[in-house]
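To keep things clear, I will list the structure first and then write my remarks on it.
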Amino acid sequence: MRISKRIVGIALMLGATVVATQWPLEPARAFDGTAVGEDLPIAVLSPQSGTKKLVPPNPIPNAPASLTALQYQAEGGHPVAQWKLGRMYANGDGVTQDDLRAFEYFSRVANAHAEDSPTAPQAAIVANAFVSLGRYYLDGIPNTKIKADAARAREMFSYAASYFGNADAQYDLARLYLKGVGTPRDTKYGVRWLGLAAQKGQHQAQAMLGQMLFNGEHLPRQAARGLMWLTLARDSAAPDEVWIKDSYAKAISKASEDDRAMALQLLEGWVQGRKD
């Protein structure tokens, strides 16, 4: 799919200036990095009928009927089915884990729906597809054509963060700017994206922002506010996100009584604000 100048203009209006300066307009490329027209076909002609017959690529032997139906829906261009299959292959959920097939399904969603309205029913899964592609580009997929490309990853995150307002993309983009990966280091931009993601409830962004505020790293020190963000992040952290729990534990052990009391007030205000 050709990335239109209209998309770049939207990104500029939303503040993602760096997207426009490095987004490849020519030659036309798909979001998986291949030239337009090289995507896998979604249909083939049936010699018996002369009509289009949907055929899943490499059907899974002995696949349950629900999975087969999902494949046919995906080949018919249904973005939800494509996204679900992408997630299944990425996680090895009901199928053999296969990052390249996951990448291909996410690419289909991104290629076909990049210009969908951010308020469209499928906008969330389109944004997630961009995030997933960005993460694949960040590390690459071993033994495939998908090589690590941090600049390309930043482009994926930038689009999902700016156009769709996706909090995960905003967090991933913030990390790239703060570390100078795929783009020159820009603390101001990094903190901006981190704050947007944290305000939307992205707990990893809350943890990182909390660390920075509590320690006075890149920002004026605000121990109580930092502790508030760390508390929110700890409460939402997954069991394997030990770094978040450790960050909270270190901060709470160093915080003064006044810091803890103020953090509690800020936390109560945050919770109330989310209810209103």
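Residue numbers start at 1 in each chain; chains themselves are named A, B, ... in the order of the structure tokens; ligands are numbered from 1 in the order shown.
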
Return as a Markdown table the residues of stretch 128-234 of chain A lying at most 10 Å from stretch 103-107 of chain A, together with the closest atom-to-atom pair for each and the distance in Å to one decimal, counting only C-alpha atoms, with rows in chain order and ascending residue number.
| residue | atom | partner | partner_atom | distance |
| --- | --- | --- | --- | --- |
| A:Asn128 | CA | A:Phe106 | CA | 8.5 |
| A:Ala129 | CA | A:Phe106 | CA | 4.9 |
| A:Phe130 | CA | A:Phe106 | CA | 7.4 |
| A:Val131 | CA | A:Phe106 | CA | 9.3 |
| A:Ser132 | CA | A:Phe106 | CA | 7.2 |
| A:Leu133 | CA | A:Phe103 | CA | 6.4 |
| A:Gly134 | CA | A:Phe103 | CA | 10.0 |
| A:Tyr136 | CA | A:Phe103 | CA | 7.5 |
| A:Tyr137 | CA | A:Phe103 | CA | 9.7 |
| A:Ile141 | CA | A:Phe103 | CA | 9.2 |
| A:Ile146 | CA | A:Phe103 | CA | 9.0 |

Contacts of stretch 82-178 of chain A with stretch 200-219 of chain A up to 7 Å, shortest pair per row, only C-alpha atoms, as CSV:
residue,atom,partner,partner_atom,distance
A:Ala167,CA,A:Gln202,CA,6.1
A:Asp168,CA,A:Gln202,CA,6.7
A:Tyr171,CA,A:Ala205,CA,5.6

(request) Find, counting only C-alpha atoms, the residue in A:Ala198, A:Gln265, A:Lys250, A:Asn143 that gets nearest to A:Leu232. (result) A:Ala198

(message) From the options A:Met156, A:Ala123, A:Ala223, A:Ala150, which residue's atoms come nearest to A:Gly180, counting only C-alpha atoms?
(response) A:Ala150

(message) I'd like the interatomic distance between atom CA of A:Pro220 and atom CA of A:Gly182, to a tenth of an Å.
(response)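 These two atoms are separated by 26.5 Å.
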
(request) Within 8 Å of A:Ala174, counting only C-alpha atoms, which residues show up once you throw out same-chain ones fewer than 4 positions away? Write them as number ranges by chain, please. (result) A: 170, 178, 189-194

Could you dump the residues just selected with C-alpha atoms as a PDB file, in the first residue's frame?
ATOM      1  CA  GLN A 170       3.573   5.984  22.740  1.00  0.00           C
ATOM      2  CA  LEU A 178      15.072   8.445  25.544  1.00  0.00           C
ATOM      3  CA  TYR A 189      10.167  14.117  22.977  1.00  0.00           C
ATOM      4  CA  GLY A 190      10.688  10.968  25.020  1.00  0.00           C
ATOM      5  CA  VAL A 191       9.204  12.459  28.178  1.00  0.00           C
ATOM      6  CA  ARG A 192       6.285  13.875  26.191  1.00  0.00           C
ATOM      7  CA  TRP A 193       5.316  10.497  24.755  1.00  0.00           C
ATOM      8  CA  LEU A 194       5.905   8.788  28.091  1.00  0.00           C
TER       9      LEU A 194
END

(message) If we count only C-alpha atoms and set the cut-off at 12 Å, which residues sit around A:Pro118, ignoring sequence neighbours fewer than 3 positions away in its own chain? Please answer as number ranges by chain.
(response) A: 7, 10, 113-115, 121-127, 159-166

Dump of N, CA and C atoms for the selected residues, as a PDB file, in the first residue's frame:
ATOM      1  N   ILE A   7      -1.566  11.023   4.966  1.00  0.00           N
ATOM      2  CA  ILE A   7      -1.215  10.395   6.241  1.00  0.00           C
ATOM      3  C   ILE A   7      -0.087  11.161   6.907  1.00  0.00           C
ATOM      4  N   ILE A  10      -1.346  14.298   8.430  1.00  0.00           N
ATOM      5  CA  ILE A  10      -2.043  14.063   9.695  1.00  0.00           C
ATOM      6  C   ILE A  10      -1.036  13.892  10.821  1.00  0.00           C
ATOM      7  N   HIS A 113      -5.481  -0.972   6.286  1.00  0.00           N
ATOM      8  CA  HIS A 113      -6.313  -0.126   7.147  1.00  0.00           C
ATOM      9  C   HIS A 113      -5.569   1.052   7.777  1.00  0.00           C
ATOM     10  N   ALA A 114      -4.403   1.393   7.251  1.00  0.00           N
ATOM     11  CA  ALA A 114      -3.625   2.498   7.823  1.00  0.00           C
ATOM     12  C   ALA A 114      -4.391   3.813   7.804  1.00  0.00           C
ATOM     13  N   GLU A 115      -5.242   4.004   6.806  1.00  0.00           N
ATOM     14  CA  GLU A 115      -5.950   5.267   6.675  1.00  0.00           C
ATOM     15  C   GLU A 115      -7.350   5.236   7.292  1.00  0.00           C
ATOM     16  N   PRO A 121     -14.370   1.232  14.311  1.00  0.00           N
ATOM     17  CA  PRO A 121     -14.461   0.095  15.249  1.00  0.00           C
ATOM     18  C   PRO A 121     -13.191  -0.751  15.315  1.00  0.00           C
ATOM     19  N   GLN A 122     -12.478  -0.862  14.175  1.00  0.00           N
ATOM     20  CA  GLN A 122     -11.281  -1.696  14.141  1.00  0.00           C
ATOM     21  C   GLN A 122     -10.000  -0.927  14.419  1.00  0.00           C
ATOM     22  N   ALA A 123     -10.109   0.349  14.803  1.00  0.00           N
ATOM     23  CA  ALA A 123      -8.922   1.188  14.971  1.00  0.00           C
ATOM     24  C   ALA A 123      -7.941   0.612  16.000  1.00  0.00           C
ATOM     25  N   ALA A 124      -8.470   0.050  17.077  1.00  0.00           N
ATOM     26  CA  ALA A 124      -7.585  -0.473  18.130  1.00  0.00           C
ATOM     27  C   ALA A 124      -6.718  -1.614  17.623  1.00  0.00           C
ATOM     28  N   ILE A 125      -7.295  -2.510  16.814  1.00  0.00           N
ATOM     29  CA  ILE A 125      -6.499  -3.636  16.331  1.00  0.00           C
ATOM     30  C   ILE A 125      -5.533  -3.192  15.239  1.00  0.00           C
ATOM     31  N   VAL A 126      -5.907  -2.182  14.465  1.00  0.00           N
ATOM     32  CA  VAL A 126      -4.982  -1.656  13.459  1.00  0.00           C
ATOM     33  C   VAL A 126      -3.765  -1.045  14.159  1.00  0.00           C
ATOM     34  N   ALA A 127      -4.015  -0.255  15.184  1.00  0.00           N
ATOM     35  CA  ALA A 127      -2.921   0.343  15.944  1.00  0.00           C
ATOM     36  C   ALA A 127      -2.045  -0.732  16.568  1.00  0.00           C
ATOM     37  N   TYR A 159       3.586   6.219  13.876  1.00  0.00           N
ATOM     38  CA  TYR A 159       2.279   6.295  13.227  1.00  0.00           C
ATOM     39  C   TYR A 159       1.171   5.872  14.178  1.00  0.00           C
ATOM     40  N   ALA A 160       1.379   4.758  14.878  1.00  0.00           N
ATOM     41  CA  ALA A 160       0.351   4.289  15.813  1.00  0.00           C
ATOM     42  C   ALA A 160       0.177   5.261  16.970  1.00  0.00           C
ATOM     43  N   ALA A 161       1.266   5.872  17.411  1.00  0.00           N
ATOM     44  CA  ALA A 161       1.201   6.813  18.532  1.00  0.00           C
ATOM     45  C   ALA A 161       0.528   8.116  18.140  1.00  0.00           C
ATOM     46  N   SER A 162       0.833   8.622  16.943  1.00  0.00           N
ATOM     47  CA  SER A 162       0.333   9.922  16.520  1.00  0.00           C
ATOM     48  C   SER A 162      -1.069   9.852  15.939  1.00  0.00           C
ATOM     49  N   TYR A 163      -1.258   8.964  14.972  1.00  0.00           N
ATOM     50  CA  TYR A 163      -2.533   8.917  14.252  1.00  0.00           C
ATOM     51  C   TYR A 163      -3.618   8.216  15.062  1.00  0.00           C
ATOM     52  N   PHE A 164      -3.268   7.090  15.673  1.00  0.00           N
ATOM     53  CA  PHE A 164      -4.258   6.324  16.424  1.00  0.00           C
ATOM     54  C   PHE A 164      -4.247   6.615  17.922  1.00  0.00           C
ATOM     55  N   GLY A 165      -3.219   7.313  18.400  1.00  0.00           N
ATOM     56  CA  GLY A 165      -3.140   7.631  19.821  1.00  0.00           C
ATOM     57  C   GLY A 165      -2.971   6.414  20.696  1.00  0.00           C
ATOM     58  N   ASN A 166      -2.305   5.390  20.189  1.00  0.00           N
ATOM     59  CA  ASN A 166      -2.147   4.134  20.923  1.00  0.00           C
ATOM     60  C   ASN A 166      -1.127   4.282  22.052  1.00  0.00           C
TER      61      ASN A 166
END
